[in-house]
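File shown here: start-v8.tsv, holding TSV, C-alpha atoms.
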```tsv
chain	number	residue	atom	x	y	z
A	1226	MET	CA	-13.55	-27.18	-15.53
A	1227	SER	CA	-14.14	-26.03	-19.08
A	1228	VAL	CA	-16.37	-23.75	-21.10
A	1229	LYS	CA	-17.33	-24.03	-24.74
A	1230	LEU	CA	-17.35	-21.01	-27.05
A	1231	VAL	CA	-19.25	-21.53	-30.31
A	1232	LEU	CA	-18.73	-19.25	-33.31
A	1233	ARG	CA	-20.59	-20.26	-36.49
A	1234	ASN	CA	-19.57	-23.91	-36.93
A	1235	LYS	CA	-16.38	-23.68	-34.85
A	1236	GLU	CA	-16.04	-24.69	-31.23
A	1237	TYR	CA	-13.38	-23.52	-28.78
A	1238	GLU	CA	-12.73	-24.83	-25.30
A	1239	VAL	CA	-11.44	-22.55	-22.55
A	1240	LYS	CA	-11.00	-22.74	-18.78
A	1241	ALA	CA	-13.89	-21.84	-16.51
A	1242	GLY	CA	-13.35	-18.79	-14.32
A	1243	MET	CA	-11.73	-16.74	-17.07
A	1244	ALA	CA	-13.21	-13.44	-18.13
A	1245	LEU	CA	-14.87	-13.62	-21.56
A	1246	LEU	CA	-12.41	-11.04	-22.93
A	1247	ASP	CA	-9.41	-13.19	-21.96
A	1248	ALA	CA	-11.08	-16.27	-23.43
A	1249	LEU	CA	-11.65	-14.49	-26.75
A	1250	LYS	CA	-8.03	-13.36	-26.87
A	1251	LYS	CA	-6.85	-16.88	-26.07
A	1252	CYS	CA	-8.89	-18.19	-29.02
A	1253	ASP	CA	-7.55	-15.43	-31.32
A	1254	ILE	CA	-11.02	-13.95	-31.77
A	1255	VAL	CA	-11.12	-10.16	-32.12
A	1256	PRO	CA	-13.62	-9.06	-29.44
A	1257	GLU	CA	-14.85	-6.25	-31.66
A	1258	SER	CA	-16.00	-8.77	-34.28
A	1259	VAL	CA	-18.40	-10.75	-32.09
A	1260	ILE	CA	-21.30	-10.41	-29.67
A	1261	ALA	CA	-21.57	-13.01	-26.92
A	1262	THR	CA	-24.75	-14.53	-25.56
A	1263	ARG	CA	-25.40	-16.74	-22.54
A	1264	ASN	CA	-28.73	-18.58	-22.77
A	1265	GLY	CA	-29.80	-16.12	-25.44
A	1266	GLU	CA	-28.99	-13.04	-23.32
A	1267	LEU	CA	-26.30	-10.54	-24.29
A	1268	ILE	CA	-23.27	-10.46	-22.00
A	1269	THR	CA	-20.33	-8.07	-21.72
A	1270	GLU	CA	-16.68	-9.07	-22.02
A	1271	ASP	CA	-15.93	-8.82	-18.30
A	1272	GLU	CA	-18.31	-11.71	-17.48
A	1273	LEU	CA	-16.62	-14.66	-15.81
A	1274	LEU	CA	-17.20	-17.96	-17.56
A	1275	ILE	CA	-18.96	-20.70	-15.61
A	1276	ASP	CA	-17.90	-24.34	-15.67
A	1277	GLY	CA	-19.87	-26.43	-18.16
A	1278	GLU	CA	-21.61	-23.59	-19.94
A	1279	THR	CA	-21.70	-22.85	-23.66
A	1280	ILE	CA	-21.31	-19.27	-24.83
A	1281	LYS	CA	-22.70	-18.53	-28.27
A	1282	LEU	CA	-20.66	-15.98	-30.20
A	1283	ILE	CA	-22.39	-14.13	-32.99
A	1284	ALA	CA	-20.24	-12.77	-35.82
A	1285	VAL	CA	-21.12	-9.15	-36.46
A	1286	ILE	CA	-19.46	-8.52	-39.82
A	1287	SER	CA	-21.61	-8.60	-42.91
A	1288	GLY	CA	-21.33	-7.14	-46.36
A	1289	GLY	CA	-19.49	-7.74	-49.53
B	629	MET	CA	-19.95	-4.08	-15.74
B	630	LYS	CA	-22.97	-1.97	-14.86
B	631	CYS	CA	-25.51	-0.01	-16.87
B	632	LYS	CA	-24.62	3.68	-16.88
B	633	LYS	CA	-28.27	4.65	-16.57
B	634	CYS	CA	-29.66	2.32	-13.91
B	635	GLY	CA	-26.75	0.39	-12.39
B	636	ALA	CA	-28.16	-3.02	-13.38
B	637	ARG	CA	-25.95	-5.65	-15.00
B	638	ALA	CA	-24.88	-4.35	-18.42
B	639	SER	CA	-25.63	-6.23	-21.66
B	640	VAL	CA	-23.67	-4.12	-24.13
B	641	ASN	CA	-20.38	-2.31	-23.62
B	642	MET	CA	-19.52	0.48	-26.05
B	643	ARG	CA	-15.88	1.23	-25.43
B	644	GLN	CA	-15.81	4.10	-27.93
B	645	HIS	CA	-18.37	5.93	-25.78
B	646	ARG	CA	-17.00	4.61	-22.47
B	647	MET	CA	-20.53	3.48	-21.76
B	648	ALA	CA	-22.22	0.18	-20.95
B	649	LEU	CA	-25.99	-0.27	-20.91
B	650	CYS	CA	-28.46	-2.92	-19.79
B	651	LYS	CA	-30.72	-4.46	-22.44
B	652	GLU	CA	-33.70	-2.23	-21.60
B	653	HIS	CA	-31.73	1.00	-21.75
B	654	PHE	CA	-29.77	-0.10	-24.81
B	655	VAL	CA	-32.93	-0.69	-26.89
B	656	GLU	CA	-34.14	2.77	-25.85
B	657	TRP	CA	-30.79	4.46	-26.46
B	658	ILE	CA	-30.47	3.27	-30.09
B	659	PRO	CA	-33.69	4.96	-31.35
B	660	GLU	CA	-32.93	8.10	-29.31
B	661	GLN	CA	-29.54	8.38	-30.98
B	662	THR	CA	-31.00	7.57	-34.41
B	663	GLU	CA	-33.47	10.43	-33.99
B	664	ARG	CA	-30.57	12.69	-33.05
B	665	PHE	CA	-28.66	11.74	-36.23
B	666	ILE	CA	-31.77	12.14	-38.42
B	667	LYS	CA	-32.10	15.72	-37.15
B	668	LYS	CA	-28.39	16.52	-37.08
B	669	TYR	CA	-27.91	15.61	-40.73
B	670	ASN	CA	-31.38	16.85	-41.85
B	671	MET	CA	-32.26	13.43	-43.23
B	672	PHE	CA	-36.04	13.75	-43.35
B	673	ALA	CA	-39.03	15.31	-41.61
B	674	ARG	CA	-41.96	13.70	-39.84
B	675	ASP	CA	-44.35	14.28	-42.75
B	676	GLU	CA	-42.12	12.68	-45.37
B	677	LYS	CA	-42.64	9.20	-46.80
B	678	ILE	CA	-39.65	6.90	-46.32
B	679	LEU	CA	-38.78	3.81	-48.32
B	680	VAL	CA	-36.48	1.50	-46.37
B	681	ALA	CA	-34.33	-0.86	-48.44
B	682	VAL	CA	-34.58	-4.16	-46.55
B	683	SER	CA	-32.42	-7.16	-47.31
B	684	GLY	CA	-33.38	-9.46	-44.44
B	685	GLY	CA	-30.11	-8.64	-42.69
B	686	LYS	CA	-29.69	-7.25	-39.18
B	687	ASP	CA	-29.04	-3.65	-40.19
B	688	SER	CA	-31.92	-3.02	-42.58
B	689	LEU	CA	-34.50	-4.84	-40.44
B	690	SER	CA	-33.26	-3.00	-37.36
B	691	LEU	CA	-33.48	0.31	-39.22
B	692	TRP	CA	-37.07	-0.43	-40.21
B	693	ASP	CA	-37.87	-1.39	-36.62
B	694	ILE	CA	-36.29	1.81	-35.27
B	695	LEU	CA	-38.02	4.15	-37.74
B	696	VAL	CA	-41.39	2.59	-37.02
B	697	ARG	CA	-40.78	2.80	-33.25
B	698	LEU	CA	-39.94	6.48	-33.73
B	699	GLY	CA	-43.26	6.98	-35.50
B	700	TYR	CA	-42.03	7.65	-39.03
B	701	GLN	CA	-44.00	6.60	-42.14
B	702	ALA	CA	-41.65	3.89	-43.34
B	703	ASP	CA	-42.47	1.22	-45.92
B	704	GLY	CA	-40.07	-1.52	-47.00
B	705	LEU	CA	-38.57	-2.51	-50.32
B	706	TYR	CA	-37.17	-5.99	-50.81
B	707	LEU	CA	-35.26	-6.86	-53.99
B	708	GLY	CA	-35.23	-10.55	-54.94
B	709	LEU	CA	-31.75	-11.10	-56.34
B	710	GLY	CA	-32.05	-14.80	-57.17
B	711	ILE	CA	-28.96	-15.85	-55.17
B	712	ASP	CA	-29.01	-19.42	-53.93
B	713	GLY	CA	-25.42	-20.40	-53.15
B	714	GLY	CA	-26.53	-23.72	-51.64
B	715	VAL	CA	-28.21	-21.97	-48.70
B	716	GLN	CA	-31.23	-20.54	-50.54
B	717	TYR	CA	-29.89	-17.14	-49.59
B	718	SER	CA	-32.44	-14.98	-51.43
B	719	SER	CA	-35.53	-17.03	-50.63
B	720	GLU	CA	-34.58	-17.22	-46.95
B	721	SER	CA	-33.88	-13.48	-46.70
B	722	HIS	CA	-37.21	-12.82	-48.46
B	723	ARG	CA	-39.02	-15.07	-45.99
B	724	LEU	CA	-37.49	-13.28	-42.99
B	725	THR	CA	-38.28	-9.84	-44.40
B	726	ASP	CA	-41.83	-10.86	-45.21
B	727	GLU	CA	-42.34	-12.27	-41.71
B	728	PHE	CA	-41.01	-9.09	-40.11
B	729	ALA	CA	-43.39	-6.96	-42.21
B	730	LYS	CA	-46.39	-9.17	-41.38
B	731	ARG	CA	-45.59	-9.32	-37.66
B	732	HIS	CA	-45.47	-5.53	-37.46
B	733	ASN	CA	-48.25	-4.93	-39.99
B	734	LEU	CA	-45.96	-2.98	-42.33
B	735	LYS	CA	-46.15	-2.40	-46.07
B	736	LEU	CA	-43.50	-4.27	-48.06
B	737	HIS	CA	-42.85	-3.81	-51.78
B	738	VAL	CA	-41.16	-6.77	-53.43
B	739	VAL	CA	-39.34	-6.64	-56.76
B	740	ASP	CA	-38.02	-9.88	-58.18
B	741	ILE	CA	-35.13	-8.99	-60.47
B	742	GLU	CA	-35.48	-12.10	-62.63
B	743	GLY	CA	-39.24	-11.57	-62.91
B	744	GLU	CA	-38.70	-7.94	-63.87
B	745	TYR	CA	-35.75	-8.24	-66.25
B	746	GLY	CA	-35.47	-11.93	-67.13
B	747	TYR	CA	-32.19	-12.63	-65.35
B	748	SER	CA	-31.18	-13.33	-61.77
B	749	ILE	CA	-28.11	-11.45	-60.48
B	750	PRO	CA	-25.68	-14.39	-60.94
B	751	VAL	CA	-26.91	-14.96	-64.51
B	752	LEU	CA	-26.78	-11.26	-65.33
B	753	SER	CA	-23.24	-11.18	-64.00
B	754	ASP	CA	-22.21	-14.15	-66.16
B	755	ILE	CA	-23.61	-12.82	-69.37
B	756	SER	CA	-22.63	-9.19	-68.90
B	757	HIS	CA	-19.00	-10.04	-67.98
B	758	ARG	CA	-18.99	-7.30	-65.35
B	759	GLY	CA	-17.14	-7.63	-62.07
B	760	LYS	CA	-14.21	-10.00	-62.61
B	761	GLY	CA	-16.14	-13.24	-62.19
B	762	LYS	CA	-18.06	-12.12	-59.08
B	763	PRO	CA	-21.64	-10.81	-59.17
B	764	CYS	CA	-21.06	-8.13	-56.50
B	765	SER	CA	-20.58	-5.30	-58.98
B	766	VAL	CA	-23.72	-6.25	-60.94
B	767	CYS	CA	-25.62	-6.70	-57.67
B	768	GLY	CA	-24.63	-3.23	-56.39
B	769	LEU	CA	-25.47	-1.58	-59.69
B	770	THR	CA	-28.84	-3.33	-59.93
B	771	LYS	CA	-29.77	-2.53	-56.34
B	772	ARG	CA	-28.92	1.17	-56.75
B	773	HIS	CA	-30.91	1.33	-59.99
B	774	GLU	CA	-33.97	-0.46	-58.65
B	775	MET	CA	-34.06	1.29	-55.28
B	776	ASN	CA	-34.02	4.65	-57.04
B	777	ARG	CA	-36.63	3.58	-59.61
B	778	ILE	CA	-39.09	2.31	-57.01
B	779	ALA	CA	-38.57	5.30	-54.69
B	780	ARG	CA	-39.31	7.70	-57.54
B	781	ASP	CA	-42.12	5.72	-59.22
B	782	LEU	CA	-44.01	5.20	-55.97
B	783	GLY	CA	-43.57	8.79	-54.82
B	784	TYR	CA	-41.37	8.31	-51.77
B	785	ASP	CA	-39.54	11.38	-50.50
B	786	VAL	CA	-36.48	9.55	-49.34
B	787	LEU	CA	-34.72	6.19	-49.58
B	788	ALA	CA	-33.18	4.90	-46.33
B	789	THR	CA	-30.51	2.21	-46.18
B	790	GLY	CA	-29.12	0.34	-43.18
B	791	HIS	CA	-25.45	1.22	-43.65
B	792	ASN	CA	-23.71	1.25	-40.27
B	793	LEU	CA	-20.46	2.93	-39.25
B	794	ASP	CA	-18.38	-0.13	-40.09
B	795	ASP	CA	-19.80	-0.13	-43.62
B	796	GLU	CA	-19.02	3.55	-43.98
B	797	ALA	CA	-15.56	3.29	-42.43
B	798	ALA	CA	-14.68	0.34	-44.68
B	799	VAL	CA	-15.71	2.26	-47.80
B	800	LEU	CA	-13.84	5.31	-46.57
B	801	PHE	CA	-10.77	3.20	-45.82
B	802	GLY	CA	-10.82	1.66	-49.31
B	803	ASN	CA	-11.30	5.01	-51.02
B	804	THR	CA	-8.55	6.57	-48.91
B	805	LEU	CA	-6.10	3.78	-49.72
B	806	GLN	CA	-6.68	4.57	-53.38
B	807	TRP	CA	-7.16	8.33	-52.90
B	808	SER	CA	-10.39	8.14	-54.88
B	809	SER	CA	-11.23	11.80	-54.45
B	810	ASP	CA	-14.47	11.64	-56.45
B	811	TYR	CA	-15.87	8.91	-54.25
B	812	LEU	CA	-14.60	10.54	-51.07
B	813	LEU	CA	-16.34	13.79	-51.91
B	814	ARG	CA	-19.63	11.93	-52.43
B	815	GLN	CA	-19.64	9.85	-49.24
B	816	GLY	CA	-21.86	11.00	-46.39
B	817	PRO	CA	-24.96	10.33	-44.28
B	818	VAL	CA	-27.17	12.10	-46.85
B	819	LEU	CA	-26.99	12.15	-50.62
B	820	PRO	CA	-29.37	14.93	-51.69
B	821	SER	CA	-31.89	14.32	-54.48
B	822	LYS	CA	-30.53	15.50	-57.78
B	823	ASP	CA	-31.32	15.07	-61.50
B	824	GLY	CA	-33.75	12.17	-61.05
B	825	LEU	CA	-31.91	10.60	-58.14
B	826	ALA	CA	-33.93	10.12	-54.96
B	827	ARG	CA	-32.52	11.47	-51.71
B	828	LYS	CA	-30.62	8.71	-49.93
B	829	VAL	CA	-30.01	8.63	-46.20
B	830	LYS	CA	-28.14	6.38	-43.77
B	831	PRO	CA	-29.65	6.87	-40.30
B	832	LEU	CA	-27.45	4.14	-38.73
B	833	CYS	CA	-24.18	5.56	-40.03
B	834	ARG	CA	-22.85	6.33	-36.54
B	835	PHE	CA	-23.55	2.96	-34.93
B	836	TYR	CA	-20.94	0.24	-34.89
B	837	GLU	CA	-21.89	-3.02	-36.60
B	838	ARG	CA	-21.52	-4.69	-33.21
B	839	GLU	CA	-24.19	-2.40	-31.76
B	840	MET	CA	-26.59	-3.15	-34.59
B	841	THR	CA	-26.12	-6.88	-34.04
B	842	ALA	CA	-26.79	-6.39	-30.34
B	843	TYR	CA	-29.90	-4.35	-31.14
B	844	ALA	CA	-31.31	-7.01	-33.47
B	845	ILE	CA	-30.73	-9.70	-30.83
B	846	ALA	CA	-32.09	-7.62	-27.97
B	847	ARG	CA	-35.22	-6.78	-29.97
B	848	GLY	CA	-35.71	-10.41	-31.02
B	849	ILE	CA	-35.43	-9.57	-34.71
B	850	GLU	CA	-34.88	-12.72	-36.74
B	851	TYR	CA	-32.43	-11.89	-39.52
B	852	ILE	CA	-30.40	-13.80	-42.07
B	853	TYR	CA	-27.20	-14.79	-40.32
B	854	ASP	CA	-25.63	-16.57	-43.28
B	855	GLU	CA	-23.27	-14.41	-45.24
B	856	CYS	CA	-24.07	-13.82	-48.92
B	857	PRO	CA	-22.38	-16.80	-50.63
B	858	TYR	CA	-20.51	-14.40	-52.89
B	859	ALA	CA	-19.18	-12.24	-50.04
B	860	GLU	CA	-16.39	-14.64	-49.08
B	861	GLY	CA	-13.04	-12.97	-49.60
B	862	ALA	CA	-14.69	-9.63	-50.35
B	863	THR	CA	-12.40	-6.63	-49.96
B	864	GLN	CA	-14.92	-4.77	-47.82
B	865	ILE	CA	-14.93	-7.59	-45.28
B	866	PHE	CA	-11.14	-7.57	-45.17
B	867	TYR	CA	-11.20	-3.82	-44.52
B	868	LYS	CA	-13.75	-4.29	-41.74
B	869	GLU	CA	-11.59	-6.94	-40.09
B	870	THR	CA	-8.55	-4.70	-40.37
B	871	LEU	CA	-10.40	-1.77	-38.83
B	872	ASN	CA	-11.66	-4.00	-36.02
B	873	GLN	CA	-8.08	-4.97	-35.18
B	874	LEU	CA	-7.32	-1.26	-34.94
B	875	GLU	CA	-10.44	-0.62	-32.87
B	876	ASN	CA	-9.49	-3.39	-30.52
B	877	SER	CA	-6.23	-1.65	-29.62
B	878	ARG	CA	-7.55	1.88	-29.92
B	879	PRO	CA	-11.23	2.06	-28.90
B	880	GLY	CA	-12.99	4.78	-30.87
B	881	ALA	CA	-10.59	4.66	-33.83
B	882	LYS	CA	-13.33	3.75	-36.34
B	883	LEU	CA	-15.67	6.45	-35.06
B	884	THR	CA	-12.97	9.11	-35.13
B	885	PHE	CA	-11.86	8.06	-38.61
B	886	TYR	CA	-15.39	8.53	-39.97
B	887	LEU	CA	-16.40	11.63	-38.02
B	888	ARG	CA	-13.19	13.54	-38.72
B	889	PHE	CA	-13.67	12.72	-42.40
B	890	LEU	CA	-17.21	14.15	-42.32
B	891	GLU	CA	-15.91	17.27	-40.59
B	892	ALA	CA	-13.15	17.71	-43.16
B	893	ARG	CA	-15.61	17.22	-45.99
B	894	GLN	CA	-18.11	19.64	-44.52
B	895	SER	CA	-15.45	22.28	-43.93
B	896	GLY	CA	-14.75	22.22	-47.67
B	897	ASN	CA	-11.06	21.67	-47.08
B	898	LEU	CA	-10.87	18.11	-48.33
B	899	PHE	CA	-8.62	17.99	-51.38
B	900	ILE	CA	-8.49	21.73	-51.84
B	901	GLU	CA	-4.97	22.78	-52.54
B	902	LYS	CA	-4.14	25.25	-49.82
B	903	ASP	CA	-2.16	28.36	-50.30
B	904	ARG	CA	1.30	27.05	-49.62
B	905	GLU	CA	2.42	30.33	-48.09
B	906	ALA	CA	-0.45	30.22	-45.64
B	907	ALA	CA	0.01	26.52	-44.93
B	908	TYR	CA	3.66	27.04	-44.10
B	909	ASN	CA	3.52	30.34	-42.30
B	910	ILE	CA	6.74	29.83	-40.41
B	911	HIS	CA	8.00	32.46	-37.99
B	912	PRO	CA	10.39	32.50	-35.03
B	913	CYS	CA	9.05	31.38	-31.65
B	914	GLU	CA	8.75	34.36	-29.32
B	915	ARG	CA	10.74	32.59	-26.64
B	916	CYS	CA	13.40	30.37	-28.20
B	917	GLY	CA	13.59	31.82	-31.69
B	918	GLN	CA	13.28	28.42	-33.38
B	919	PRO	CA	10.97	28.32	-36.43
B	920	THR	CA	7.32	27.45	-35.74
B	921	SER	CA	3.96	27.63	-37.48
B	922	ALA	CA	2.07	28.05	-34.20
B	923	PRO	CA	1.14	31.57	-33.07
B	924	GLU	CA	3.49	33.04	-30.42
B	925	LEU	CA	5.25	30.06	-28.79
B	926	CYS	CA	6.49	26.90	-30.52
B	927	SER	CA	5.12	23.51	-29.45
B	928	PHE	CA	8.24	22.75	-27.40
B	929	CYS	CA	8.05	26.00	-25.44
B	930	ARG	CA	4.30	25.52	-24.91
B	931	MET	CA	5.04	22.06	-23.53
B	932	LEU	CA	7.67	23.49	-21.13
B	933	GLU	CA	5.25	26.22	-20.13
B	934	LYS	CA	2.58	23.65	-19.33
B	935	ALA	CA	5.05	21.45	-17.39
B	936	LYS	CA	6.17	24.47	-15.41
B	937	THR	CA	2.56	25.39	-14.55
B	938	VAL	CA	1.78	21.83	-13.43
B	939	SER	CA	4.93	21.50	-11.29
B	940	GLU	CA	4.48	24.84	-9.53
```
Structure re-expressed in C-alpha cells:
Amino acid sequence: MSVKLVLRNKEYEVKAGMALLDALKKCDIVPESVIATRNGELITEDELLIDGETIKLIAVISGG
Amino acid sequence: MKCKKCGARASVNMRQHRMALCKEHFVEWIPEQTERFIKKYNMFARDEKILVAVSGGKDSLSLWDILVRLGYQADGLYLGLGIDGGVQYSSESHRLTDEFAKRHNLKLHVVDIEGEYGYSIPVLSDISHRGKGKPCSVCGLTKRHEMNRIARDLGYDVLATGHNLDDEAAVLFGNTLQWSSDYLLRQGPVLPSKDGLARKVKPLCRFYEREMTAYAIARGIEYIYDECPYAEGATQIFYKETLNQLENSRPGAKLTFYLRFLEARQSGNLFIEKDREAAYNIHPCERCGQPTSAPELCSFCRMLEKAKTVSE
C-alpha cells in the first residue's frame, strides 16, 4: 500500500490513501514550491493517493 | 476540490484567491487576467508592436503564448548566452524556443552573444572579473543591454518580459532587506521609456510562479526544466523559498507584500519623510481620555464599542 512521489531525481514513498497535501508535508516538501501531476494531468492537493501510483512533482522555482 | 466556474474536478487551487479551477477554465482565466493587468497598468495598446524576451523557460514561453492568444502583435527575442554547464543549457533552451516559434508560426529574433561580441557569458564573466566568480551579474547586464538594443533598433514599441509575482516579490524582499531605496522606487509592472531606454513591461507580474508552471503544463508548452547551471545557491532562489514558506502558512502573503508595495509606491509616500507632527497627531480619546492618534475614539474603546454592538 504505497505511492511514489518523484521530484527531479528524488523519490519519496508514502502511504496510499493519504491526501497529497499530507504526503508533501510528510516528505518536507513545501506545497507552494511544486505542482503535482497524475498521468500528466494536474491535480490539487486534496486528491487522495492511490495504491501503486506514481505522482510526478514539478518544481516551480526558477531564476538566479 | 471543485472548479469554481463549472463544478468539475479542479486542476489548480489558488489559495490566495480562494479559488480552484478545472484545466479548461484555468487556461481561459490566465489570459483574461493578463489582459486585465495590461489595461490596469497601461502596459501597451492593441496597435503597438511587442518584443517578448524568451529564454525557453516556462514564464517567457507562456507569456508569448498568452499575448498571441489575446491577439497582440508579439515577436520573440532569444539571446544565446553560450552556457553549457554539462546540460547544454543554452542550446537546449534555444531549441525549445525555436520549436515553439515554428509550431505557432511566430517571428523569432536570435542574437548569439558570442557571435556578436566574441565572448560567451561565462568567458566574459571570467575576463571582466565582474560578479564575484559567478556569471549572473554579467548575464543580467548583457541581457538588459541587448534586449534594449534590439527593441530600439528593430522599432518595437515595448519590451515584455515573463517576470512573475514570485520574481518580483523576491527582488522586493531583497531590496527591502537592504533598504535599497533607489531600486525600490524603480520596481514596478511598467518601466516607462526614457532617454533611449525602451518601455519595459511585466504582464505576468501578478501570477504566482506555481500558476505559470501549471499554465505551461496545461497548455502543453515544452520548456526547459533544468535550472541554469549557475543558479544553484543564488540569493533570489533562497528568497523565493523563504517567501514560499511564508505563503504556505499565510496564503496570500506574497501577493499582499507585492501589491501593498505597489500601492505605497504609487501613492508617493514610499520613503518620503512625513511631517512628524502630522504623523504623531496624538490627542485624548473622547471616551477614556487616553492618548490616541485615531480620530474620536481610541482603538481600545472602538473595540469595546464593537463588542458591545455584537453582544446586544
Using all atoms listed in the file, what does the table of chain B residues within 8 Å of chain A look like, with each row giving the shortest atom pair and its distance in Å to one decimal, sorted by chain and ascending number, as CSV?
```
residue,atom,partner,partner_atom,distance
B:Met629,CA,A:Asp1271,CA,6.7
B:Ala638,CA,A:Thr1269,CA,6.7
B:Ser639,CA,A:Ile1268,CA,4.9
B:Val640,CA,A:Thr1269,CA,5.7
B:Asn641,CA,A:Thr1269,CA,6.1
B:Lys651,CA,A:Leu1267,CA,7.7
B:Cys764,CA,A:Gly1289,CA,7.2
B:Asp795,CA,A:Gly1288,CA,7.7
B:Glu837,CA,A:Val1285,CA,6.2
B:Arg838,CA,A:Val1285,CA,5.5
B:Thr841,CA,A:Val1285,CA,6.0
B:Ala842,CA,A:Ile1260,CA,6.8
B:Ile845,CA,A:Leu1267,CA,7.9
B:Ala846,CA,A:Leu1267,CA,7.5
B:Glu855,CA,A:Ser1287,CA,6.5
B:Cys856,CA,A:Gly1289,CA,7.6
B:Tyr858,CA,A:Gly1289,CA,7.5
B:Ala859,CA,A:Gly1289,CA,4.5
B:Glu860,CA,A:Gly1289,CA,7.6
B:Ala862,CA,A:Gly1289,CA,5.2
B:Thr863,CA,A:Gly1289,CA,7.2
B:Gln864,CA,A:Gly1289,CA,5.7
B:Ile865,CA,A:Gly1289,CA,6.2
B:Lys868,CA,A:Ile1286,CA,7.4
B:Glu869,CA,A:Ser1258,CA,7.5
B:Asn872,CA,A:Glu1257,CA,5.9
B:Gln873,CA,A:Val1255,CA,6.7
B:Glu875,CA,A:Glu1257,CA,7.3
B:Asn876,CA,A:Glu1257,CA,6.2
```
*Taking into account all atoms listed in the file, which residue in the set A:Lys1240, A:Thr1279, A:Leu1274, A:Asp1253 is nearest to Ser1227 of chain A?*
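Between A:Lys1240, A:Thr1279, A:Leu1274, A:Asp1253, the residue approaching Ser1227 of chain A most closely is A:Lys1240.
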*Using atom CA of Ala1248 of chain A and atom CA of Asn1234 of chain A as the two end points, give the distance in Å to one decimal.*
17.7 Å
*What is the distance between atom CA of Ala702 of chain B and atom CA of Lys677 of chain B, in Å to one decimal?*
6.4 Å
*Tell me, in Å to one decimal, how far atom CA of Ala788 of chain B is from atom CA of Val829 of chain B.*
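These atoms are spaced 4.9 Å apart.
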*Hey, which of B:Leu813, B:Ile778, B:Val799, B:Cys767 ends up closest to Leu898 of chain B? Count only C-alpha atoms.*
B:Leu813
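Non-sequential neighbours of Arg827 of chain B (distance at most 8 Å, separation of 6 or more positions within a chain, all atoms listed in the file) are B:Asp785, B:Val786, B:Leu787, B:Val818, B:Leu819, B:Pro820, B:Ser821.
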*Tell me, as a list of chain:residue names, which residues lie within 10 Å of Asp726 of chain B, counting only C-alpha atoms; anything in the same chain fewer than 3 positions away does not count.*
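The residues that qualify are B:Val682, B:Gly684, B:Gly704, B:Tyr706, B:Glu720, B:Ser721, B:His722, B:Arg723, B:Ala729, B:Lys730, B:Arg731, B:Leu734, B:Lys735, B:Leu736, B:His737, B:Val738.
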*Do a neighbour search on Asp854 of chain B at 9 Å with only C-alpha atoms, toss out local chain neighbours closer than 3 positions, and write the hits as a PyMOL selection string.*
(chain A and resi 1287) or (chain B and resi 715+717+857)
